[in-house]
Structures are given as structure tokens and as C-alpha cells.
$ cat structure-v2.cif   # mmCIF, C-alpha atoms and all ligand atoms
data_protein
loop_
_atom_site.label_atom_id
_atom_site.label_comp_id
_atom_site.auth_asym_id
_atom_site.auth_seq_id
_atom_site.Cartn_x
_atom_site.Cartn_y
_atom_site.Cartn_z
CA MET A 111 -82.45 5.10 -60.31
CA SER A 112 -82.84 8.34 -58.35
CA GLU A 113 -85.05 10.97 -59.96
CA ASN A 114 -85.31 14.55 -58.78
CA PHE A 115 -87.72 16.92 -60.42
CA VAL A 116 -86.66 19.91 -58.39
CA VAL A 117 -83.20 20.56 -57.01
CA THR A 118 -81.67 23.50 -55.16
CA ALA A 119 -77.90 23.88 -55.01
CA THR A 120 -75.46 26.46 -53.69
CA ALA A 121 -71.94 27.04 -54.99
CA PRO A 122 -69.21 29.40 -53.82
CA VAL A 123 -67.06 31.75 -55.87
CA ASN A 124 -63.39 31.10 -56.41
CA ILE A 125 -60.73 33.80 -56.53
CA ALA A 126 -57.80 33.23 -58.88
CA THR A 127 -54.27 33.85 -57.64
CA ILE A 128 -52.92 32.99 -61.09
CA LYS A 129 -55.35 34.51 -63.57
CA TYR A 130 -57.11 32.97 -66.55
CA TRP A 131 -57.33 35.62 -69.25
CA GLY A 132 -57.64 34.62 -72.91
CA LYS A 133 -59.10 31.69 -74.79
CA LYS A 134 -57.63 29.60 -77.57
CA ASP A 135 -61.10 28.20 -78.35
CA GLU A 136 -63.98 30.63 -77.81
CA LYS A 137 -66.79 28.11 -78.16
CA LEU A 138 -65.35 25.31 -76.04
CA ILE A 139 -63.76 27.83 -73.64
CA ILE A 140 -60.22 26.45 -73.66
CA PRO A 141 -57.81 28.88 -71.95
CA VAL A 142 -54.42 30.06 -73.21
CA ASN A 143 -52.85 29.27 -69.84
CA ASP A 144 -53.33 27.26 -66.65
CA SER A 145 -54.75 29.10 -63.64
CA ILE A 146 -54.92 28.55 -59.88
CA SER A 147 -57.58 29.67 -57.43
CA ALA A 148 -58.96 29.32 -53.91
CA THR A 149 -62.61 28.41 -53.39
CA LEU A 150 -64.23 30.58 -50.73
CA SER A 151 -66.66 29.59 -48.05
CA SER A 152 -70.22 29.80 -49.35
CA ASP A 153 -71.35 31.52 -46.15
CA TYR A 154 -70.68 34.93 -47.64
CA MET A 155 -70.53 34.76 -51.41
CA CYS A 156 -72.45 32.13 -53.28
CA ALA A 157 -74.90 31.41 -56.05
CA LYS A 158 -78.12 29.60 -55.20
CA THR A 159 -79.92 27.86 -58.03
CA THR A 160 -83.21 26.00 -58.11
CA ILE A 161 -84.01 23.92 -61.16
CA ALA A 162 -87.29 22.16 -61.86
CA ILE A 163 -88.52 20.06 -64.77
CA SER A 164 -92.19 19.38 -65.31
CA PRO A 165 -94.58 18.10 -67.99
CA ASN A 166 -96.69 21.17 -67.15
CA PHE A 167 -94.08 23.78 -68.10
CA GLU A 168 -94.73 25.31 -71.52
CA LYS A 169 -91.21 26.48 -72.28
CA ASP A 170 -87.66 26.56 -70.93
CA GLN A 171 -87.10 29.69 -68.81
CA ILE A 172 -84.35 31.22 -66.66
CA TRP A 173 -84.49 33.95 -64.02
CA LEU A 174 -81.32 35.56 -62.70
CA ASN A 175 -81.62 37.62 -59.51
CA GLY A 176 -85.37 37.77 -59.99
CA ILE A 177 -85.33 39.01 -63.59
CA GLU A 178 -86.14 36.76 -66.52
CA GLU A 179 -83.21 36.41 -68.95
CA SER A 180 -83.19 34.96 -72.44
CA ILE A 181 -82.79 31.19 -72.46
CA GLU A 182 -81.23 31.55 -75.92
CA ASN A 183 -77.80 32.03 -74.39
CA PRO A 184 -75.40 29.72 -76.30
CA ARG A 185 -73.38 28.91 -73.17
CA LEU A 186 -76.47 28.06 -71.17
CA LEU A 187 -77.85 25.94 -74.00
CA ASN A 188 -74.47 24.16 -74.31
CA CYS A 189 -74.48 23.29 -70.60
CA ILE A 190 -78.05 21.97 -70.75
CA ARG A 191 -77.34 19.97 -73.91
CA ASN A 192 -74.09 18.48 -72.56
CA ILE A 193 -75.75 17.39 -69.33
CA LYS A 194 -78.79 16.00 -71.15
CA ASN A 195 -76.45 13.96 -73.39
CA LYS A 196 -75.24 12.16 -70.26
CA ALA A 197 -78.64 11.98 -68.57
CA LYS A 198 -79.77 8.79 -66.91
CA ILE A 199 -83.49 9.44 -66.60
CA GLY A 200 -86.48 8.28 -68.62
CA THR A 201 -86.71 9.68 -72.16
CA ASP A 202 -90.16 11.12 -71.42
CA LYS A 203 -88.66 13.28 -68.67
CA LEU A 204 -85.85 14.43 -70.96
CA LYS A 205 -88.53 16.15 -73.04
CA TRP A 206 -90.01 18.04 -70.07
CA LYS A 207 -89.35 21.78 -70.08
CA ILE A 208 -87.00 23.28 -67.52
CA HIS A 209 -87.26 26.30 -65.20
CA ILE A 210 -84.04 27.72 -63.75
CA CYS A 211 -84.06 30.27 -60.96
CA SER A 212 -80.69 31.56 -59.77
CA GLU A 213 -79.53 34.30 -57.46
CA ASN A 214 -76.27 35.55 -56.05
CA ASN A 215 -75.98 36.94 -52.54
CA PHE A 216 -73.25 39.35 -53.68
CA PRO A 217 -72.77 41.77 -56.65
CA THR A 218 -73.27 40.12 -60.07
CA ALA A 219 -70.92 40.91 -62.99
CA ALA A 220 -68.89 43.32 -60.84
CA GLY A 221 -65.59 41.45 -60.96
CA LEU A 222 -66.26 39.24 -57.96
CA ALA A 223 -66.39 35.98 -59.95
CA SER A 224 -70.19 35.67 -60.10
CA SER A 225 -69.94 33.65 -63.31
CA SER A 226 -67.75 31.09 -61.53
CA ALA A 227 -70.29 30.42 -58.77
CA GLY A 228 -73.26 30.88 -61.12
CA TYR A 229 -72.31 28.31 -63.73
CA ALA A 230 -70.79 25.83 -61.26
CA CYS A 231 -74.08 25.92 -59.38
CA LEU A 232 -76.22 25.69 -62.50
CA VAL A 233 -74.33 22.71 -63.95
CA TYR A 234 -74.24 20.94 -60.59
CA ALA A 235 -78.00 21.36 -60.11
CA LEU A 236 -78.57 20.17 -63.70
CA SER A 237 -76.44 17.09 -63.04
CA HIS A 238 -78.68 16.21 -60.09
CA ILE A 239 -81.89 16.72 -62.03
CA TYR A 240 -80.69 14.55 -64.91
CA ASN A 241 -78.86 12.02 -62.72
CA VAL A 242 -75.42 12.59 -64.21
CA LYS A 243 -72.67 11.07 -62.08
CA GLU A 244 -69.60 11.85 -64.21
CA ASN A 245 -67.16 14.69 -63.61
CA ILE A 246 -68.85 17.98 -64.54
CA SER A 247 -65.84 20.34 -64.49
CA ASP A 248 -65.58 20.04 -68.31
CA ILE A 249 -69.24 21.08 -68.68
CA ALA A 250 -69.11 23.91 -66.10
CA ARG A 251 -66.13 25.29 -68.06
CA GLN A 252 -68.37 25.69 -71.08
CA GLY A 253 -70.69 27.94 -69.05
CA SER A 254 -67.90 30.22 -67.84
CA GLY A 255 -64.23 29.22 -67.82
CA SER A 256 -63.63 30.09 -64.18
CA ALA A 257 -66.66 27.98 -63.15
CA CYS A 258 -64.76 24.72 -63.67
CA ARG A 259 -62.61 25.64 -60.64
CA SER A 260 -65.63 26.20 -58.33
CA ILE A 261 -66.55 22.51 -58.68
CA TYR A 262 -63.78 21.83 -56.15
CA GLY A 263 -63.01 23.29 -52.76
CA GLY A 264 -59.63 24.32 -51.37
CA PHE A 265 -56.82 25.28 -53.76
CA VAL A 266 -57.57 24.37 -57.37
CA GLN A 267 -55.70 24.29 -60.66
CA TRP A 268 -57.40 24.50 -64.06
CA TYR A 269 -55.26 22.81 -66.70
CA THR A 270 -55.24 24.17 -70.26
CA GLY A 271 -55.05 20.63 -71.61
CA ILE A 272 -53.77 19.52 -74.99
CA LYS A 273 -56.83 17.99 -76.66
CA ASN A 274 -58.73 20.00 -79.28
CA ASP A 275 -62.12 18.94 -77.87
CA GLY A 276 -61.30 20.42 -74.44
CA SER A 277 -61.99 17.14 -72.64
CA ASP A 278 -58.71 17.44 -70.68
CA SER A 279 -59.17 21.16 -69.94
CA ILE A 280 -60.46 20.50 -66.45
CA ALA A 281 -59.88 21.63 -62.89
CA LEU A 282 -58.42 19.46 -60.12
CA GLN A 283 -57.84 20.13 -56.44
CA LEU A 284 -54.22 20.97 -55.60
CA ALA A 285 -54.76 20.90 -51.83
CA PRO A 286 -57.81 20.77 -49.57
CA ALA A 287 -58.71 23.82 -47.48
CA SER A 288 -57.62 21.92 -44.35
CA HIS A 289 -54.06 21.91 -45.71
CA TRP A 290 -53.76 25.65 -44.98
CA PRO A 291 -56.52 26.36 -42.45
CA GLU A 292 -55.09 29.77 -41.45
CA MET A 293 -55.64 31.25 -44.91
CA ARG A 294 -58.29 34.01 -45.07
CA VAL A 295 -59.70 36.22 -47.80
CA ILE A 296 -61.09 39.70 -47.20
CA ILE A 297 -63.19 41.23 -49.97
CA LEU A 298 -63.20 45.01 -50.24
CA VAL A 299 -66.15 46.07 -52.36
CA VAL A 300 -65.12 49.26 -54.11
CA ASN A 301 -67.98 49.35 -56.59
CA ASP A 302 -70.80 46.82 -56.85
CA LYS A 303 -72.11 48.03 -60.21
CA GLN A 304 -71.95 45.86 -63.31
CA LYS A 305 -68.66 46.35 -65.13
CA LYS A 306 -68.69 48.01 -68.54
CA THR A 307 -66.65 45.31 -70.27
CA SER A 308 -67.53 41.73 -69.34
CA SER A 309 -64.69 39.27 -68.78
CA THR A 310 -65.66 37.46 -71.97
CA ILE A 311 -65.47 40.56 -74.18
CA GLY A 312 -62.41 41.94 -72.39
CA MET A 313 -60.30 38.82 -72.84
CA GLN A 314 -61.43 38.38 -76.44
CA ARG A 315 -60.17 41.88 -77.20
CA THR A 316 -56.92 41.15 -75.34
CA VAL A 317 -56.25 38.04 -77.41
CA GLU A 318 -56.87 40.04 -80.59
CA THR A 319 -54.78 43.09 -79.74
CA SER A 320 -52.26 42.59 -76.92
CA LYS A 321 -48.68 41.54 -77.66
CA LEU A 322 -48.02 41.60 -73.93
CA LEU A 323 -50.49 38.71 -73.48
CA HIS A 324 -48.33 36.54 -75.73
CA TYR A 325 -45.26 37.49 -73.70
CA ARG A 326 -47.14 36.62 -70.48
CA VAL A 327 -48.29 33.25 -71.79
CA LYS A 328 -44.94 32.31 -73.37
CA TYR A 329 -42.51 33.50 -70.72
CA CYS A 330 -44.25 34.17 -67.40
CA VAL A 331 -47.34 32.18 -66.44
CA GLN A 332 -45.76 28.74 -66.12
CA GLY A 333 -43.18 30.19 -63.72
CA HIS A 334 -46.00 31.76 -61.69
CA ILE A 335 -47.89 28.44 -61.67
CA ASP A 336 -44.81 26.47 -60.51
CA LYS A 337 -44.06 28.95 -57.72
CA MET A 338 -47.71 29.11 -56.63
CA ILE A 339 -47.88 25.31 -56.36
CA GLN A 340 -44.65 25.36 -54.33
CA ALA A 341 -46.04 28.16 -52.09
CA ILE A 342 -49.26 26.26 -51.44
CA LYS A 343 -47.55 22.89 -50.85
CA ASN A 344 -45.04 24.45 -48.42
CA LYS A 345 -47.52 26.92 -46.90
CA ASN A 346 -45.04 29.65 -47.76
CA PHE A 347 -47.11 32.85 -47.38
CA ASP A 348 -44.26 35.16 -48.49
CA LEU A 349 -43.99 33.38 -51.83
CA PHE A 350 -47.79 33.03 -52.12
CA ALA A 351 -48.24 36.78 -51.54
CA GLU A 352 -45.54 37.92 -53.94
CA ILE A 353 -46.67 35.69 -56.81
CA THR A 354 -50.36 36.51 -56.25
CA MET A 355 -49.67 40.26 -56.49
CA ARG A 356 -47.27 39.93 -59.42
CA ASP A 357 -49.77 37.86 -61.37
CA SER A 358 -52.64 40.26 -60.65
CA ASN A 359 -50.47 43.20 -61.71
CA GLN A 360 -49.40 41.47 -64.92
CA PHE A 361 -53.01 40.59 -65.74
CA HIS A 362 -54.03 44.26 -65.37
CA ALA A 363 -50.98 45.35 -67.39
CA VAL A 364 -52.20 43.05 -70.16
CA CYS A 365 -55.67 44.62 -69.87
CA LEU A 366 -54.08 48.04 -70.29
CA ASP A 367 -52.11 46.78 -73.29
CA THR A 368 -55.41 45.72 -74.87
CA TYR A 369 -56.58 48.13 -77.58
CA PRO A 370 -58.82 49.92 -76.76
CA PRO A 371 -57.71 49.24 -73.17
CA ALA A 372 -59.85 47.25 -70.74
CA ILE A 373 -59.57 49.24 -67.52
CA TYR A 374 -60.92 47.42 -64.49
CA MET A 375 -59.07 48.88 -61.50
CA ASN A 376 -60.00 52.42 -60.39
CA ASP A 377 -58.28 54.98 -58.14
CA THR A 378 -59.57 53.26 -54.98
CA SER A 379 -58.26 49.90 -56.25
CA HIS A 380 -54.82 51.43 -56.80
CA ALA A 381 -54.94 53.06 -53.38
CA ILE A 382 -55.65 49.64 -51.85
CA ALA A 383 -52.71 48.10 -53.72
CA SER A 384 -50.39 50.89 -52.48
CA PHE A 385 -51.72 50.45 -48.96
CA VAL A 386 -50.89 46.71 -49.05
CA HIS A 387 -47.30 47.40 -50.15
CA GLU A 388 -46.88 50.07 -47.44
CA TYR A 389 -48.41 47.79 -44.79
CA ASN A 390 -46.07 44.93 -45.70
CA ALA A 391 -43.05 47.24 -45.91
CA ALA A 392 -43.75 48.64 -42.43
CA ALA A 393 -43.97 45.10 -41.03
CA ASN A 394 -40.88 44.08 -42.98
CA SER A 395 -42.70 40.92 -44.06
CA TYR A 396 -45.68 39.82 -46.12
CA LYS A 397 -48.81 40.25 -44.02
CA VAL A 398 -51.30 40.55 -46.85
CA ALA A 399 -51.59 40.21 -50.63
CA TYR A 400 -54.07 41.78 -53.05
CA THR A 401 -55.53 40.41 -56.21
CA PHE A 402 -58.05 42.10 -58.51
CA ASP A 403 -60.27 40.26 -60.99
CA ALA A 404 -61.87 42.01 -63.96
CA GLY A 405 -63.34 44.74 -61.77
CA PRO A 406 -62.29 47.36 -59.19
CA ASN A 407 -62.96 45.23 -56.09
CA ALA A 408 -60.04 43.98 -54.04
CA CYS A 409 -59.55 40.45 -52.74
CA LEU A 410 -57.00 40.39 -49.95
CA PHE A 411 -55.33 37.15 -48.87
CA THR A 412 -53.95 37.05 -45.36
CA LEU A 413 -53.41 34.64 -42.46
CA GLU A 414 -55.86 34.40 -39.56
CA LYS A 415 -53.41 35.89 -37.04
CA ASN A 416 -53.14 39.09 -39.13
CA VAL A 417 -56.89 39.66 -39.59
CA PRO A 418 -57.75 41.84 -36.54
CA ALA A 419 -54.92 44.37 -36.98
CA LEU A 420 -55.37 44.45 -40.75
CA LEU A 421 -59.13 45.02 -40.60
CA TYR A 422 -58.68 47.71 -37.95
CA THR A 423 -56.24 49.61 -40.18
CA ILE A 424 -58.36 49.16 -43.30
CA THR A 425 -61.42 50.65 -41.61
CA LYS A 426 -59.33 53.67 -40.65
CA VAL A 427 -57.61 54.14 -44.01
CA PHE A 428 -60.69 53.37 -46.13
CA PRO A 429 -63.71 54.40 -44.07
CA THR A 430 -67.06 53.22 -45.36
CA SER A 431 -68.71 56.11 -47.15
CA GLY A 432 -72.13 54.50 -46.94
CA SER A 433 -72.94 55.10 -50.59
CA VAL A 434 -73.52 52.09 -52.81
CA LYS A 435 -71.03 53.36 -55.33
CA ASP A 436 -67.93 53.44 -53.26
CA TYR A 437 -67.84 51.53 -50.06
CA ILE A 438 -65.54 49.11 -48.37
CA THR A 439 -66.56 46.03 -46.47
CA GLY A 440 -64.30 43.48 -44.94
CA ILE A 441 -65.27 40.08 -43.59
CA PRO A 442 -62.62 37.40 -43.15
CA ILE A 443 -63.71 34.51 -45.33
CA ASN A 444 -62.34 30.98 -45.06
CA ILE A 445 -61.08 28.90 -47.93
CA GLU A 446 -63.56 26.05 -47.94
CA ASN A 447 -63.43 22.45 -49.01
CA LYS A 448 -67.10 21.68 -49.18
CA SER A 449 -67.57 23.48 -52.48
CA ILE A 450 -70.99 22.63 -53.80
CA ASN A 451 -74.11 21.57 -51.89
CA ALA A 452 -77.38 20.22 -53.19
P1 LIG B 1 -67.99 38.27 -62.93
O1 LIG B 1 -66.73 39.08 -62.77
O2 LIG B 1 -69.01 38.61 -61.87
O3 LIG B 1 -67.73 36.80 -63.04
P2 LIG B 1 -68.59 38.08 -65.76
O4 LIG B 1 -68.60 39.18 -66.75
O5 LIG B 1 -67.51 37.08 -65.86
O6 LIG B 1 -68.61 38.77 -64.31
O7 LIG B 1 -69.94 37.26 -65.81
C1 LIG B 1 -71.18 37.81 -65.46
C2 LIG B 1 -72.25 36.94 -66.10
O8 LIG B 1 -72.25 35.63 -65.54
C3 LIG B 1 -73.67 37.45 -65.85
O9 LIG B 1 -74.01 38.49 -66.74
C4 LIG B 1 -74.47 36.16 -66.12
O10 LIG B 1 -74.62 35.94 -67.49
C5 LIG B 1 -73.56 35.08 -65.56
N1 LIG B 1 -73.96 34.75 -64.19
C6 LIG B 1 -73.58 35.35 -63.03
N2 LIG B 1 -74.19 34.79 -61.98
C7 LIG B 1 -74.98 33.82 -62.45
C8 LIG B 1 -75.88 32.88 -61.85
N3 LIG B 1 -76.06 32.84 -60.55
N4 LIG B 1 -76.55 32.02 -62.67
C9 LIG B 1 -76.35 32.04 -64.00
N5 LIG B 1 -75.52 32.89 -64.63
C10 LIG B 1 -74.85 33.78 -63.87
C1 LIG B 2 -60.19 37.89 -64.26
O1 LIG B 2 -64.48 32.91 -66.36
O2 LIG B 2 -65.57 35.17 -66.13
O3 LIG B 2 -61.72 36.47 -63.13
O4 LIG B 2 -64.85 32.18 -69.47
O5 LIG B 2 -65.56 34.25 -70.66
O6 LIG B 2 -66.94 33.36 -68.77
P1 LIG B 2 -65.55 33.50 -69.35
O7 LIG B 2 -64.73 34.43 -68.35
P2 LIG B 2 -64.57 34.31 -66.78
O8 LIG B 2 -63.12 35.01 -66.61
C2 LIG B 2 -62.52 35.15 -65.38
C3 LIG B 2 -61.36 36.08 -65.47
C4 LIG B 2 -60.75 36.48 -64.14
C5 LIG B 2 -59.58 35.58 -63.78
C6 LIG B 2 -59.89 34.19 -63.26
O9 LIG B 2 -60.93 33.98 -62.62
O10 LIG B 2 -59.02 33.31 -63.47
CO CO B 3 -66.58 35.85 -64.47
#
$ encode --input "structure-v2.cif" --output "C-alpha cells"
Amino acid sequence: MSENFVVTATAPVNIATIKYWGKKDEKLIIPVNDSISATLSSDYMCAKTTIAISPNFEKDQIWLNGIEESIENPRLLNCIRNIKNKAKIGTDKLKWKIHICSENNFPTAAGLASSSAGYACLVYALSHIYNVKENISDIARQGSGSACRSIYGGFVQWYTGIKNDGSDSIALQLAPASHWPEMRVIILVVNDKQKKTSSTIGMQRTVETSKLLHYRVKYCVQGHIDKMIQAIKNKNFDLFAEITMRDSNQFHAVCLDTYPPAIYMNDTSHAIASFVHEYNAAANSYKVAYTFDAGPNACLFTLEKNVPALLYTITKVFPTSGSVKDYITGIPINIENKSINA
């Protein structure tokens, strides 16, 4: 039996092209619809988590980006408990206290999917400490819904599932990164500050107040999912781009239909979206697609051959102001298959 008393893992973020927004079970984190994402290379945006257990630790503790946070976070406790329930280490060691130290090398809680990398990394590192070999997507989901997708690389689908206990609400890889090696993501950081309304609170309010969400879930998302799968399988960038942008727009429309509204995109975000439509119109084809998570920052999908011209134009249209509040960076990031490392 392998026993590790300290483990360090890294996990990348994933960016959804078909958005998860709304839960049918708050505690188990079961979504109202399926979602699809791409897992990015961990070279640029990843969580790094070190976990240690020791008979000398007095209490369980967690530090996030160098600041101690309360361990009494129900989601965190759920993840630890679920992993410990499957642990294959000596019972004495199960009683040892745990220290968790995690940091992100990109803005946390700013709408760049930090919770997806953060909880995927945490649960993966826990699984190594406690020698858990089973699939951990179900457990990562209970940390943050989007985290279940970061367990896999490439293009990933998270299935709503039909069971009440959430055991079939898991992510699976649709296609490895090598299937579409030309695909690139460029992140434009518009604002790296923590958002006012977390994803959790925002989507809770949407489920409670938005009729448009029910329309989206009943009539639209499955069509988007089917077309996205087709686009990925056939490497059809035109279809991929159109559905990605339509789904992002519908997600933000649903946020606006929430009462009081959850407003995540700002003027710069809207300017980027307009720019993308103009850029594609001028080329008479889809060169680039935007998607925005619950924050103002843009994620642009494009193909490798388009990157130089696109980046050149972006730096001219949206020059870096240099201030932390409103700046634009653009690095072409690969979709990666490796996903998590420990
Ligand atoms: P984001 O858009 O960045 O995913 P969320 O509102 O969904 O923002 O989630 C942010 C929360 O996720 C943080 O406040 C923290 O609780 C958790 N989180 C982010 N990164 C990590 C990490 N590396 N380790 C543990 N928890 C994390
Ligand atoms: C807009 O997974 O952060 O990024 O499950 O409450 O932790 P919780 O929410 P979270 O929501 C992500 C929402 C999104 C879309 C997506 O990633 O699919
Ligand atoms: Co999140």
C-alpha cells in the first residue's frame, strides 16, 4: 500500500463553451443542465495545492493564496469526508490532522474559473494522500460544480445525471486535446478583482427568480450540447464559434433576467464581444469566438493560424492601460490533455 503524507498537485482551469448555471440540488451540486468545456494548459492558469497530514498537527487548517481561511466550509468538509470514506490507509493516519495550502497563479474569484482548478486540485491531492483510486469527478463536483470537468483534459462534458444521489452527475472526456491540436484560447483580463456576486450566489438567485432560465433549460441547452458535440467531433470551427457565443450570450441574458440582476460583463467585455463580431464579419468567416464566465474577463477561442493577426489587432484596439483594474493580456493557451499532475 502506498502512503504519502505530503502531496503537491497542480490542476488547470477549464472554460465552458456550454455553460453550467443553476443547480437542482444545492448540497450535492447537481446541475439543471449538461455543460461542455475545454481544459486549458496548466502552464498559464492553474491551482497548486500541497496537502500534508501529520500526528503533530493540532487542527485542520487551510490557506488560500497565503491567507488562512476557515476550514468550516461545508463544501471543503464534504470533499474531505467523501475522500476519507474511501481511504485506503491505516485508521491511525485517518485521525491525523490535515494542512492544506493552495494558490492560484491567476486571479481568484474573478470569473476565470478558479473554483474549477482549485477544487479539482484539492480533491486530487486528497485522493493521493488517502490512497483513493476510484473516480473522483463526483467528489470534485461537490467542491465546485465546474471542478468535476477539470479532472479530465481535452474537451469534456459534465452530465446532469438522473440519480438523486448525484452519483451519475459526472464529467467524461468527449475528445482528447490531440483531436483538435490547432485550438487555442486567449484570455483577456479586463478586471482581476473579486466579483461582487459569486457564481454560487448568482446561480442560486437565477434559479429562484428567472423564467428565462427555465426556457433555456427546457428548449435550448440540449440543442447547444448536440451541436457542440458535432462541432468538436467534426472539428467544425464555424459551428463551434457560433454555438459558443450564442450560449455565452444566453447565459448572460439569464443573469440579466435574474432579479435583482447578476451583471458580470462590463463595458469593456461588451466592446470585446462587438470587436469579435466585427472581426469575423470583415473576414467573412469565423476567426474567433468569445465566451464570458461569471465575470468581465473574455476567453477567446481561435485556431493557431489566426493567433498572430488576432493578437496584433487586439493589442491595437485594446491597448494595455497598465493599471490593475482594466488591462488586457493575451497569451495563446493550448487545450491540454494532461489535466492534473501530482
Ligand atoms: P471563479 O469564477 O473564479 O470560479 P467562484 O465564485 O466560482 O469564482 O469561486 C471562487 C471560490 O472558489 C473562492 O472564493 C474559493 O472559495 C474557491 N477557490 C478558488 N481557488 C481555490 C483554490 N486554489 N483552492 C481552494 N478553493 C479555491
Ligand atoms: C459561469 O462551478 O463556480 O463558470 O458549483 O456553485 O461552485 P459552484 O459554481 P461554479 O460555476 C461556474 C459557472 C460558470 C459556467 C461554467 O463553468 O460552466
Ligand atoms: Co467558479
$ residues_near_ligand --input "structure-v2.cif" --ligand "ligand LIG 1 (chain B)" --cutoff "7 Å" --atoms "all atoms listed in the file" --output "list in words"
Ala157, Lys158, Thr159, Leu174, Ser212, Glu213, Asn214, Thr218, Ala219, Ala220, Gly221, Leu222, Ala223, Ser224, Ser225, Ser226, Ala227, Gly228, Tyr229, Leu232, Ser308, Ser309, Thr310, Asp403, Ala404 and Gly405 of chain A
$ closest_residue --input "structure-v2.cif" --among "A:Thr412, A:Gln171, A:Asn124, A:Asn444" --to "ligand CO 3 (chain B)" --atoms "only C-alpha atoms and all ligand atoms"
A:Asn124
$ closest_residue --input "structure-v2.cif" --among "A:Cys211, A:Met293, A:Ile424, A:Val142" --to "ligand LIG 2 (chain B)" --atoms "all atoms listed in the file"
A:Val142
$ residues_near_ligand --input "structure-v2.cif" --ligand "ligand LIG 2 (chain B)" --cutoff "9 Å" --atoms "all atoms listed in the file" --output "VMD selection string"
chain A and resid 124 to 133 136 139 to 141 144 to 147 185 219 221 to 226 229 251 to 259 268 308 to 314 358 361 to 362 402 to 405
$ closest_residue --input "structure-v2.cif" --among "A:Asn166, A:Leu323, A:Gln304, A:Ile272" --to "ligand CO 3 (chain B)" --atoms "all atoms listed in the file"
A:Gln304
$ closest_residue --input "structure-v2.cif" --among "A:Lys415, A:Lys196, A:Lys305, A:Lys205" --to "ligand CO 3 (chain B)" --atoms "only C-alpha atoms and all ligand atoms"
A:Lys305
$ atom_distance --input "structure-v2.cif" --atom1 "CA of Gln360 (chain A)" --atom2 "CA of Ala285 (chain A)"
25.0 Å
$ closest_residue --input "structure-v2.cif" --among "A:Ala383, A:Ala119, A:Cys409, A:Ile246" --to "Ile161 (chain A)" --atoms "only C-alpha atoms"
A:Ala119
$ residues_around --input "structure-v2.cif" --residues "Ala235 (chain A)" --least-positions-apart "4" --cutoff "12 Å" --atoms "all atoms listed in the file" --output "PyMOL selection string"
chain A and resi 114-121+157-163+189-190+193+208-212+227-231+239-243+246+250+261+450-452
$ atom_distance --input "structure-v2.cif" --atom1 "CA of Gly271 (chain A)" --atom2 "atom CO of ligand CO 3 (chain B)"
20.4 Å
$ closest_residue --input "structure-v2.cif" --among "A:Lys207, A:Asp275, A:Ile342, A:Phe385" --to "His289 (chain A)" --atoms "all atoms listed in the file"
A:Ile342
$ atom_distance --input "structure-v2.cif" --atom1 "CA of Pro418 (chain A)" --atom2 "CA of Thr378 (chain A)"
21.8 Å
$ residues_around --input "structure-v2.cif" --residues "Glu446 (chain A)" --least-positions-apart "4" --cutoff "8 Å" --atoms "only C-alpha atoms" --output "list in words"
Thr149, Leu150, Ser151, Ser152, Gly263, Gly264, Pro286 and Ala287 of chain A
$ residues_around --input "structure-v2.cif" --residues "Ile280 (chain A)" --least-positions-apart "4" --cutoff "6 Å" --atoms "all atoms listed in the file" --output "ChimeraX atom specification"
/A:247-248,268-269
$ residues_near_point --input "structure-v2.cif" --point "(-58.9, 45.1, -53.7)" --cutoff "8 Å" --atoms "all atoms listed in the file" --output "list of chain:residue names"
A:Ile297, A:Leu298, A:Val299, A:Val300, A:Ser379, A:Ile382, A:Ala383, A:Tyr400, A:Thr401, A:Phe402, A:Pro406, A:Asn407, A:Ala408, A:Cys409, A:Leu410
$ axis_aligned_box --input "structure-v2.cif" --around "region 272-290 of chain A" --padding-each-side "6 Å" --output "AutoDock Vina command-line options"
--center_x -57.9 --center_y 21.4 --center_z -61.8 --size_x 20.4 --size_y 20.5 --size_z 46.9
$ residues_around --input "structure-v2.cif" --residues "region 392-399 of chain A" --least-positions-apart "4" --cutoff "9 Å" --atoms "all atoms listed in the file" --output "PyMOL selection string"
chain A and resi 347-352+354-355+383+386-388+409-413+416+420
